[in-house]
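**Student:** A single structure is presented below for examination.
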Amino acid sequence: MASAVTAGDARPTYRRIARFYDFLDGSFERKRYALIRGTLFAGLSGRILDAGVGTGRNIPYYPADAEVIGVDLSQAMLAQARARRDALGSDAPLAAMDVLRTGFADSSFDAVVASFVFCVLRPNQQQAALEELGRIVRPGGEIRLLDYTWSKQLGRRLVMRMWAPWVRWAYGAGFDREPHRHVEPAGLVLAEDRFLIDDVVRYVVARRP
Ligand SMILES: C[S@@+](CC[C@H](N)C(=O)[O-])C[C@H]1O[C@@H](n2cnc3c(N)ncnc32)[C@H](O)[C@@H]1O
């Protein structure tokens with residue numbers, strides 16, 4: 001049975017975990033994510049949205065000549081992101097916003113990145129989120145996603161099965177979201193789809209036609 005949290009609002013989950021998020025995620029960040037976050041921003045410039053900015057783990061990778069705006073549903077996560085931004089001497093604006101209804105004007109970004117956010121959105125929110133991000137990125141602009149997906153290798157899949165209840169409780173996340181399947185139904189072009197870590201962390205680039 002779906003709990004109130006899995007019913008779609010990530011705020012209670014992230015209010016609970018925000019203060020511990022960086023600690024809990026620390027070894028994964030060092031050994032895995034730090035190696036691939038740069039890919040998200042490679043070659044991007046202009047106005048960029050970091051959708052679901054979390055504690056601001058992407059901030060060190062923002063291109064120096066770009067204007068990057070970070071948004072997140074959770075005020076608790078934004079508080080952590082503000083502390084990181086200030087410590088890094090960045091002036092990136094951060095704001096509370098739902099990626100399903102951002103309020104930004106059509107075509108107002110050159111690119112959008114969302115790392116480990118679609119695995120938190122419910123399955124029935126995937127297409128709507130891509131449609132909203134597709135609306136606010138300019139024609140030809142890219143939406144770049146990093147997300148977990150179930151491994152097809154038996155041993156790795158078993159390890160993921162052991163982790164899954166914790167990942168669901170702690171982060172409200174699942175390995176079954178597969179946002180790449182929703183790119184074309186959302187009216188976007190699947191420009192890139194490949195794994196960056198084993199066959200579990202998937203990098204998807206959707207382009208607005
Ligand atoms: C697993 S964290 C990833 C944070 C960050 N992008 C990173 O790479 O470390 C997922 C983030 O997505 C945010 N989030 C979940 N649903 C959202 C929504 N509908 N709109 C905006 N942010 C959302 C959560 O509050 C959380 O900060």
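Residue numbers start at 1 in each chain; chains themselves are named A, B, ... in the order of the structure tokens; ligands are numbered from 1 in the order shown.
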Return as a PyMOL selection string every polymer residue, whether protein, DNA or RNA, with at least one atom no more than 7 Å from an atom of ligand 1; count only C-alpha atoms and all ligand atoms.
**Tutor:** chain A and resi 9-11+14+51-58+71-74+77+97-100+114-117+120-121+171
**Student:** For the structure I just gave you, how does DSSP split stretch 7-188 of chain A - specifically, which residues are strand (DSSP E)? Reply as an NGL selection string.
**Tutor:** :A and (47-51 or 67-72 or 94-96 or 109-115 or 137-148)
**Student:** Ranking A:Gly141, A:Pro12, A:Gly89, A:Pro185 by minimum distance to A:Ala170 and counting only C-alpha atoms, which one comes first?
**Tutor:** A:Pro12
**Student:** Considering only C-alpha atoms, return as a ChimeraX atom specification whatever protein or nucleic-acid residues lie within 10 Å of A:Gln127, sequence-local ones (same chain, fewer than 5 positions apart) excluded.
**Tutor:** /A:100,132-133,179-187
**Student:** Taking N, CA and C atoms for each residue, export the selection above as a PDB file, in the first residue's frame.
**Tutor:**
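This is the output file out-v2.pdb:
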ATOM      1  N   LEU A 100       7.407  19.904 -11.359  1.00  0.00           N
ATOM      2  CA  LEU A 100       6.210  19.602 -12.158  1.00  0.00           C
ATOM      3  C   LEU A 100       5.454  20.865 -12.548  1.00  0.00           C
ATOM      4  N   GLU A 132       7.220  19.510 -18.479  1.00  0.00           N
ATOM      5  CA  GLU A 132       7.437  20.831 -17.875  1.00  0.00           C
ATOM      6  C   GLU A 132       8.864  21.335 -18.149  1.00  0.00           C
ATOM      7  N   LEU A 133       9.849  20.448 -18.002  1.00  0.00           N
ATOM      8  CA  LEU A 133      11.234  20.862 -18.266  1.00  0.00           C
ATOM      9  C   LEU A 133      11.427  21.144 -19.758  1.00  0.00           C
ATOM     10  N   PRO A 179      13.331   7.082 -16.627  1.00  0.00           N
ATOM     11  CA  PRO A 179      12.780   8.270 -17.309  1.00  0.00           C
ATOM     12  C   PRO A 179      13.024   8.285 -18.818  1.00  0.00           C
ATOM     13  N   HIS A 180      14.053   7.523 -19.299  1.00  0.00           N
ATOM     14  CA  HIS A 180      14.313   7.535 -20.749  1.00  0.00           C
ATOM     15  C   HIS A 180      13.104   7.049 -21.538  1.00  0.00           C
ATOM     16  N   ARG A 181      12.268   6.214 -20.907  1.00  0.00           N
ATOM     17  CA  ARG A 181      11.078   5.706 -21.606  1.00  0.00           C
ATOM     18  C   ARG A 181      10.021   6.785 -21.825  1.00  0.00           C
ATOM     19  N   HIS A 182      10.144   7.880 -21.079  1.00  0.00           N
ATOM     20  CA  HIS A 182       9.114   8.923 -21.145  1.00  0.00           C
ATOM     21  C   HIS A 182       9.547  10.116 -21.994  1.00  0.00           C
ATOM     22  N   VAL A 183      10.777  10.055 -22.512  1.00  0.00           N
ATOM     23  CA  VAL A 183      11.307  11.207 -23.249  1.00  0.00           C
ATOM     24  C   VAL A 183      10.479  11.479 -24.509  1.00  0.00           C
ATOM     25  N   GLU A 184      10.293  10.462 -25.342  1.00  0.00           N
ATOM     26  CA  GLU A 184       9.565  10.687 -26.602  1.00  0.00           C
ATOM     27  C   GLU A 184       8.079  10.942 -26.364  1.00  0.00           C
ATOM     28  N   PRO A 185       7.407  10.200 -25.448  1.00  0.00           N
ATOM     29  CA  PRO A 185       6.016  10.558 -25.145  1.00  0.00           C
ATOM     30  C   PRO A 185       5.866  12.003 -24.656  1.00  0.00           C
ATOM     31  N   ALA A 186       6.919  12.559 -24.067  1.00  0.00           N
ATOM     32  CA  ALA A 186       6.861  13.951 -23.597  1.00  0.00           C
ATOM     33  C   ALA A 186       7.131  14.946 -24.728  1.00  0.00           C
ATOM     34  N   GLY A 187       7.325  14.439 -25.943  1.00  0.00           N
ATOM     35  CA  GLY A 187       7.525  15.337 -27.091  1.00  0.00           C
ATOM     36  C   GLY A 187       8.971  15.761 -27.275  1.00  0.00           C
TER      37      GLY A 187
END
**Student:** Going by DSSP on the backbone, which bits of stretch 5-55 of chain A are helix (DSSP H, G or I)? Write them as a PDB file with N, CA and C atoms, in the first residue's frame, please.
**Tutor:**
ATOM      1  N   ARG A  11       8.595  16.191   0.383  1.00  0.00           N
ATOM      2  CA  ARG A  11       9.028  17.099   1.447  1.00  0.00           C
ATOM      3  C   ARG A  11       9.193  16.442   2.816  1.00  0.00           C
ATOM      4  N   PRO A  12       8.230  15.598   3.276  1.00  0.00           N
ATOM      5  CA  PRO A  12       8.448  14.987   4.601  1.00  0.00           C
ATOM      6  C   PRO A  12       9.718  14.146   4.646  1.00  0.00           C
ATOM      7  N   THR A  13       9.973  13.390   3.582  1.00  0.00           N
ATOM      8  CA  THR A  13      11.176  12.559   3.524  1.00  0.00           C
ATOM      9  C   THR A  13      12.423  13.421   3.621  1.00  0.00           C
ATOM     10  N   TYR A  14      12.472  14.496   2.850  1.00  0.00           N
ATOM     11  CA  TYR A  14      13.696  15.304   2.803  1.00  0.00           C
ATOM     12  C   TYR A  14      13.817  16.248   4.001  1.00  0.00           C
ATOM     13  N   ARG A  15      12.679  16.559   4.640  1.00  0.00           N
ATOM     14  CA  ARG A  15      12.765  17.325   5.895  1.00  0.00           C
ATOM     15  C   ARG A  15      13.464  16.449   6.946  1.00  0.00           C
ATOM     16  N   ARG A  16      13.146  15.168   6.921  1.00  0.00           N
ATOM     17  CA  ARG A  16      13.721  14.226   7.886  1.00  0.00           C
ATOM     18  C   ARG A  16      15.209  14.001   7.644  1.00  0.00           C
ATOM     19  N   ILE A  17      15.596  13.952   6.377  1.00  0.00           N
ATOM     20  CA  ILE A  17      16.952  13.483   6.077  1.00  0.00           C
ATOM     21  C   ILE A  17      17.948  14.604   5.741  1.00  0.00           C
ATOM     22  N   ALA A  18      17.435  15.827   5.526  1.00  0.00           N
ATOM     23  CA  ALA A  18      18.294  16.892   4.975  1.00  0.00           C
ATOM     24  C   ALA A  18      19.606  17.079   5.746  1.00  0.00           C
ATOM     25  N   ARG A  19      19.511  17.085   7.075  1.00  0.00           N
ATOM     26  CA  ARG A  19      20.716  17.382   7.870  1.00  0.00           C
ATOM     27  C   ARG A  19      21.747  16.258   7.796  1.00  0.00           C
ATOM     28  N   PHE A  20      21.277  15.051   7.466  1.00  0.00           N
ATOM     29  CA  PHE A  20      22.166  13.885   7.437  1.00  0.00           C
ATOM     30  C   PHE A  20      22.539  13.465   6.021  1.00  0.00           C
ATOM     31  N   TYR A  21      21.909  14.135   5.039  1.00  0.00           N
ATOM     32  CA  TYR A  21      22.007  13.673   3.647  1.00  0.00           C
ATOM     33  C   TYR A  21      23.458  13.547   3.186  1.00  0.00           C
ATOM     34  N   ASP A  22      24.230  14.599   3.384  1.00  0.00           N
ATOM     35  CA  ASP A  22      25.609  14.579   2.859  1.00  0.00           C
ATOM     36  C   ASP A  22      26.457  13.529   3.566  1.00  0.00           C
ATOM     37  N   PHE A  23      26.191  13.335   4.862  1.00  0.00           N
ATOM     38  CA  PHE A  23      26.934  12.322   5.603  1.00  0.00           C
ATOM     39  C   PHE A  23      26.563  10.923   5.088  1.00  0.00           C
ATOM     40  N   LEU A  24      25.250  10.677   4.970  1.00  0.00           N
ATOM     41  CA  LEU A  24      24.797   9.341   4.552  1.00  0.00           C
ATOM     42  C   LEU A  24      25.264   8.998   3.147  1.00  0.00           C
ATOM     43  N   ASP A  25      25.317  10.011   2.310  1.00  0.00           N
ATOM     44  CA  ASP A  25      25.647   9.815   0.905  1.00  0.00           C
ATOM     45  C   ASP A  25      27.147   9.974   0.630  1.00  0.00           C
ATOM     46  N   GLY A  26      27.905  10.312   1.696  1.00  0.00           N
ATOM     47  CA  GLY A  26      29.292  10.741   1.518  1.00  0.00           C
ATOM     48  C   GLY A  26      30.176   9.786   0.740  1.00  0.00           C
ATOM     49  N   SER A  27      30.124   8.489   1.074  1.00  0.00           N
ATOM     50  CA  SER A  27      31.060   7.581   0.399  1.00  0.00           C
ATOM     51  C   SER A  27      30.653   7.379  -1.053  1.00  0.00           C
ATOM     52  N   PHE A  28      29.335   7.364  -1.333  1.00  0.00           N
ATOM     53  CA  PHE A  28      28.880   7.256  -2.731  1.00  0.00           C
ATOM     54  C   PHE A  28      29.308   8.491  -3.520  1.00  0.00           C
ATOM     55  N   GLU A  29      29.214   9.649  -2.839  1.00  0.00           N
ATOM     56  CA  GLU A  29      29.595  10.890  -3.506  1.00  0.00           C
ATOM     57  C   GLU A  29      31.068  10.850  -3.911  1.00  0.00           C
ATOM     58  N   ARG A  30      31.914  10.452  -2.964  1.00  0.00           N
ATOM     59  CA  ARG A  30      33.364  10.445  -3.224  1.00  0.00           C
ATOM     60  C   ARG A  30      33.745   9.408  -4.275  1.00  0.00           C
ATOM     61  N   LYS A  31      33.171   8.197  -4.121  1.00  0.00           N
ATOM     62  CA  LYS A  31      33.620   7.089  -4.983  1.00  0.00           C
ATOM     63  C   LYS A  31      32.919   7.059  -6.330  1.00  0.00           C
ATOM     64  N   ARG A  32      31.725   7.642  -6.408  1.00  0.00           N
ATOM     65  CA  ARG A  32      30.946   7.510  -7.644  1.00  0.00           C
ATOM     66  C   ARG A  32      30.555   8.856  -8.254  1.00  0.00           C
ATOM     67  N   TYR A  33      29.726   9.598  -7.530  1.00  0.00           N
ATOM     68  CA  TYR A  33      29.073  10.753  -8.160  1.00  0.00           C
ATOM     69  C   TYR A  33      30.063  11.859  -8.516  1.00  0.00           C
ATOM     70  N   ALA A  34      31.070  12.058  -7.653  1.00  0.00           N
ATOM     71  CA  ALA A  34      32.032  13.134  -7.932  1.00  0.00           C
ATOM     72  C   ALA A  34      32.731  12.908  -9.275  1.00  0.00           C
ATOM     73  N   LEU A  35      32.806  11.647  -9.714  1.00  0.00           N
ATOM     74  CA  LEU A  35      33.495  11.332 -10.964  1.00  0.00           C
ATOM     75  C   LEU A  35      32.638  11.639 -12.187  1.00  0.00           C
ATOM     76  N   ILE A  36      31.338  11.779 -11.986  1.00  0.00           N
ATOM     77  CA  ILE A  36      30.451  11.901 -13.157  1.00  0.00           C
ATOM     78  C   ILE A  36      29.649  13.195 -13.199  1.00  0.00           C
ATOM     79  N   ARG A  37      29.654  13.975 -12.113  1.00  0.00           N
ATOM     80  CA  ARG A  37      28.831  15.190 -12.127  1.00  0.00           C
ATOM     81  C   ARG A  37      29.287  16.172 -13.210  1.00  0.00           C
ATOM     82  N   GLY A  38      30.579  16.205 -13.482  1.00  0.00           N
ATOM     83  CA  GLY A  38      31.088  17.113 -14.507  1.00  0.00           C
ATOM     84  C   GLY A  38      30.451  16.866 -15.864  1.00  0.00           C
ATOM     85  N   THR A  39      30.139  15.590 -16.157  1.00  0.00           N
ATOM     86  CA  THR A  39      29.520  15.236 -17.442  1.00  0.00           C
ATOM     87  C   THR A  39      28.196  15.972 -17.637  1.00  0.00           C
ATOM     88  N   LEU A  40      27.491  16.168 -16.529  1.00  0.00           N
ATOM     89  CA  LEU A  40      26.182  16.836 -16.610  1.00  0.00           C
ATOM     90  C   LEU A  40      26.286  18.240 -17.196  1.00  0.00           C
ATOM     91  N   PHE A  41      27.401  18.903 -16.896  1.00  0.00           N
ATOM     92  CA  PHE A  41      27.535  20.310 -17.274  1.00  0.00           C
ATOM     93  C   PHE A  41      28.502  20.525 -18.437  1.00  0.00           C
TER      94      PHE A  41
END
**Student:** Closest to A:Asp147 among A:Val159, A:Ala128, A:Val204, A:Val167, using only C-alpha atoms?
**Tutor:** A:Val204
**Student:** To one decimal place in Å, what is the distance between atom CA of A:Arg194 and atom CA of A:Leu145?
**Tutor:** 10.8 Å
**Student:** In Å to one decimal, how far is atom CA of A:Arg85 from atom CA of A:Ile197?
**Tutor:**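 Pair atom CA of A:Ile197 / atom CA of A:Arg85 returns 26.7 Å.
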**Student:** Taking only C-alpha atoms into account, name the residue in A:Pro139, A:Gly155, A:Pro123, A:Pro209 that is nearest to A:Ala173.
**Tutor:**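 Ranking A:Pro139, A:Gly155, A:Pro123, A:Pro209 by distance to A:Ala173, first place goes to A:Pro123.
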**Student:** Under the rule that only C-alpha atoms are counted, which of A:Arg168, A:Arg122, A:Arg47, A:Arg144 is the nearest residue to A:Asp110?
**Tutor:** A:Arg47
**Student:** So which one's closest to A:Asp65, A:Ala92, A:Val137, A:Gln153, A:Ala87? Using only C-alpha atoms, please.
**Tutor:**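 Closest to A:Asp65 of all the choices is A:Ala92.
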**Student:** Using only C-alpha atoms, which of the listed residues (A:Asp176, A:Asp199, A:Glu142, A:Glu131) sits closest to A:Leu44?
**Tutor:**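 Closest residue, counting only C-alpha atoms: A:Glu142.
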